[in-house]
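Notes for the one structure printed next.
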Amino acid sequence: MPKELAERIGRHLVAAGTLIDEDPEVALAHAKYAKSKVSRIPVVREAVGLAAYHAGKWSEALSELRAVRRMTRTDAHVAVIADAERAMGRPERALDIAKETDTASLPKDVAIELKIVAAGARRDLGQLDAAVVALQGDDLDPKQRQPWSARLFYAYADNLAAAGRAEEAVRWFLHAADADSEEETDAAERAAELAGD
């Protein structure tokens, strides 16, 4: 790739990454521009897939992230792929993806995220107790403070609440709030709402 083109593509990818949370549609436009110039580079397809996911364009996200999976032979985005299947109303497919994936070979944060997605798929199917059980394990330890702990504790609490186990849900929302040093969740508010019921 010529240097000038590489720099232009790089600027668009940086813009996509910067805007993905605040304006995913614009991020997607930047990523699509890069794809229009160099469609065979995995990081470009990854940018399109993730921006499409954040913009709620599930089919496009699936197409792009599956392409990345084929190109790189890695499962780095398997949880996002499964979640996009859920968003398209296919929780069974999300569960199939989770079952087919060798979670031991995944980075820990991806394995945890896939576990959360699989529990959500169980919940989509009305299997509330199974959703709760799906999140149990060694990682569900309130003494742990891993980067994924707040998300895992929150998902567990949310599924407990959905299963009608409010008292346990309050306790786990509080664990999630304690673990959420970045304040990315509304765990404390959820705990207060449930405790007030």
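Following the order of the structure tokens, chains are lettered A, B, ..., residues in each are numbered from 1, and ligands are numbered from 1.
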Q. Which neighbours of Asp75 of chain A fall inside 10 Å, counting only C-alpha atoms, when residues of the same chain fewer than 2 positions from it are skipped, and could you give them as number ranges by chain?
A. A: 65-66, 68-70, 72-73, 77-81, 101-103, 105-107, 110-111
Q. Using only C-alpha atoms, which of A:Glu85, A:Glu168, A:Glu4, A:Glu92 sits nearest Leu125 of chain A?
A. A:Glu92
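Atom CA of Asp109 of chain A lies 7.7 Å from atom CA of Pro147 of chain A.
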**Q.** Distance of atom CA of Arg122 of chain A from atom CA of Ala55 of chain A, expressed in Å to one decimal place
**A.**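 Separating atom CA of Ala55 of chain A from atom CA of Arg122 of chain A is a distance of 24.2 Å.
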Non-local contacts of Ala67 of chain A (9 Å; only C-alpha atoms; under 4 positions in same chain excluded) as an mmCIF file with C-alpha atoms, in the first residue's frame:
```cif
data_model
loop_
_atom_site.group_PDB
_atom_site.id
_atom_site.type_symbol
_atom_site.label_atom_id
_atom_site.label_comp_id
_atom_site.auth_asym_id
_atom_site.auth_seq_id
_atom_site.Cartn_x
_atom_site.Cartn_y
_atom_site.Cartn_z
ATOM 1 C CA PRO A 42 -8.379 -7.599 8.643
ATOM 2 C CA ARG A 45 -12.896 -5.193 8.305
ATOM 3 C CA GLU A 46 -12.727 -5.368 12.108
ATOM 4 C CA LEU A 62 -21.961 -10.295 11.568
ATOM 5 C CA SER A 63 -20.794 -10.281 7.972
ATOM 6 C CA MET A 71 -8.999 -13.967 7.683
ATOM 7 C CA THR A 72 -7.250 -14.130 11.060
#
```
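The coordinates place atom CA of Gly56 of chain A at 23.3 Å from atom CA of Gly126 of chain A.
Using only C-alpha atoms for every distance, the candidate list A:Trp58, A:Tyr156, A:Tyr53, A:Tyr33 yields A:Tyr156 as the residue closest to Arg123 of chain A.
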Q. Skipping near chain neighbours, those fewer than 2 positions away, what residues fall within 8 Å of His30 of chain A using only C-alpha atoms, listed as a ChimeraX atom specification?
A. /A:12-13,15-16,26-28,32-34
Could you write those residues out with all heavy atoms, as a PDB file, in the first residue's frame?
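Result file is out.pdb:
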```pdb
ATOM      1  N   HIS A  12      -8.590   7.502   9.073  1.00  0.00           N
ATOM      2  CA  HIS A  12     -10.001   7.102   9.126  1.00  0.00           C
ATOM      3  C   HIS A  12     -10.240   6.038  10.204  1.00  0.00           C
ATOM      4  O   HIS A  12     -11.272   6.083  10.892  1.00  0.00           O
ATOM      5  CB  HIS A  12     -10.477   6.611   7.753  1.00  0.00           C
ATOM      6  CG  HIS A  12     -10.783   7.737   6.818  1.00  0.00           C
ATOM      7  ND1 HIS A  12     -11.972   8.431   6.859  1.00  0.00           N
ATOM      8  CD2 HIS A  12     -10.057   8.303   5.836  1.00  0.00           C
ATOM      9  CE1 HIS A  12     -11.970   9.362   5.928  1.00  0.00           C
ATOM     10  NE2 HIS A  12     -10.799   9.318   5.290  1.00  0.00           N
ATOM     11  N   LEU A  13      -9.294   5.128  10.365  1.00  0.00           N
ATOM     12  CA  LEU A  13      -9.446   4.103  11.400  1.00  0.00           C
ATOM     13  C   LEU A  13      -9.352   4.709  12.797  1.00  0.00           C
ATOM     14  O   LEU A  13     -10.098   4.326  13.699  1.00  0.00           O
ATOM     15  CB  LEU A  13      -8.409   2.996  11.224  1.00  0.00           C
ATOM     16  CG  LEU A  13      -8.574   2.128   9.976  1.00  0.00           C
ATOM     17  CD1 LEU A  13      -7.469   1.088   9.903  1.00  0.00           C
ATOM     18  CD2 LEU A  13      -9.947   1.462   9.939  1.00  0.00           C
ATOM     19  N   ALA A  15     -10.187   7.789  13.539  1.00  0.00           N
ATOM     20  CA  ALA A  15     -11.457   8.503  13.707  1.00  0.00           C
ATOM     21  C   ALA A  15     -12.573   7.536  14.084  1.00  0.00           C
ATOM     22  O   ALA A  15     -13.380   7.814  14.975  1.00  0.00           O
ATOM     23  CB  ALA A  15     -11.814   9.263  12.432  1.00  0.00           C
ATOM     24  N   ALA A  16     -12.615   6.386  13.428  1.00  0.00           N
ATOM     25  CA  ALA A  16     -13.641   5.380  13.735  1.00  0.00           C
ATOM     26  C   ALA A  16     -13.512   4.924  15.183  1.00  0.00           C
ATOM     27  O   ALA A  16     -14.510   4.852  15.909  1.00  0.00           O
ATOM     28  CB  ALA A  16     -13.523   4.186  12.784  1.00  0.00           C
ATOM     29  N   VAL A  26     -21.149   7.765  12.485  1.00  0.00           N
ATOM     30  CA  VAL A  26     -20.020   8.463  11.860  1.00  0.00           C
ATOM     31  C   VAL A  26     -18.778   7.571  11.886  1.00  0.00           C
ATOM     32  O   VAL A  26     -18.020   7.511  10.914  1.00  0.00           O
ATOM     33  CB  VAL A  26     -19.755   9.827  12.541  1.00  0.00           C
ATOM     34  CG1 VAL A  26     -18.498  10.488  11.985  1.00  0.00           C
ATOM     35  CG2 VAL A  26     -20.957  10.756  12.355  1.00  0.00           C
ATOM     36  N   ALA A  27     -18.596   6.849  12.993  1.00  0.00           N
ATOM     37  CA  ALA A  27     -17.481   5.896  13.070  1.00  0.00           C
ATOM     38  C   ALA A  27     -17.593   4.872  11.948  1.00  0.00           C
ATOM     39  O   ALA A  27     -16.595   4.539  11.291  1.00  0.00           O
ATOM     40  CB  ALA A  27     -17.476   5.202  14.434  1.00  0.00           C
ATOM     41  N   LEU A  28     -18.812   4.388  11.714  1.00  0.00           N
ATOM     42  CA  LEU A  28     -19.041   3.409  10.650  1.00  0.00           C
ATOM     43  C   LEU A  28     -18.719   4.006   9.283  1.00  0.00           C
ATOM     44  O   LEU A  28     -18.123   3.342   8.433  1.00  0.00           O
ATOM     45  CB  LEU A  28     -20.491   2.908  10.699  1.00  0.00           C
ATOM     46  CG  LEU A  28     -20.885   1.842   9.680  1.00  0.00           C
ATOM     47  CD1 LEU A  28     -19.976   0.624   9.755  1.00  0.00           C
ATOM     48  CD2 LEU A  28     -22.354   1.439   9.886  1.00  0.00           C
ATOM     49  N   LYS A  32     -16.068   2.438   6.791  1.00  0.00           N
ATOM     50  CA  LYS A  32     -16.479   2.016   5.448  1.00  0.00           C
ATOM     51  C   LYS A  32     -15.630   2.689   4.372  1.00  0.00           C
ATOM     52  O   LYS A  32     -15.342   2.079   3.338  1.00  0.00           O
ATOM     53  CB  LYS A  32     -17.962   2.336   5.224  1.00  0.00           C
ATOM     54  CG  LYS A  32     -18.892   1.345   5.858  1.00  0.00           C
ATOM     55  CD  LYS A  32     -20.322   1.711   5.497  1.00  0.00           C
ATOM     56  CE  LYS A  32     -21.280   0.620   5.872  1.00  0.00           C
ATOM     57  NZ  LYS A  32     -22.652   0.948   5.498  1.00  0.00           N
ATOM     58  N   TYR A  33     -15.236   3.921   4.626  1.00  0.00           N
ATOM     59  CA  TYR A  33     -14.339   4.592   3.675  1.00  0.00           C
ATOM     60  C   TYR A  33     -13.038   3.783   3.552  1.00  0.00           C
ATOM     61  O   TYR A  33     -12.555   3.509   2.455  1.00  0.00           O
ATOM     62  CB  TYR A  33     -14.032   6.029   4.089  1.00  0.00           C
ATOM     63  CG  TYR A  33     -12.982   6.646   3.202  1.00  0.00           C
ATOM     64  CD1 TYR A  33     -13.346   7.219   1.982  1.00  0.00           C
ATOM     65  CD2 TYR A  33     -11.635   6.604   3.537  1.00  0.00           C
ATOM     66  CE1 TYR A  33     -12.379   7.747   1.124  1.00  0.00           C
ATOM     67  CE2 TYR A  33     -10.663   7.123   2.692  1.00  0.00           C
ATOM     68  CZ  TYR A  33     -11.041   7.693   1.489  1.00  0.00           C
ATOM     69  OH  TYR A  33     -10.089   8.193   0.644  1.00  0.00           O
ATOM     70  N   ALA A  34     -12.488   3.402   4.727  1.00  0.00           N
ATOM     71  CA  ALA A  34     -11.247   2.614   4.716  1.00  0.00           C
ATOM     72  C   ALA A  34     -11.454   1.301   3.963  1.00  0.00           C
ATOM     73  O   ALA A  34     -10.616   0.896   3.156  1.00  0.00           O
ATOM     74  CB  ALA A  34     -10.781   2.359   6.149  1.00  0.00           C
TER      75      ALA A  34
END
```
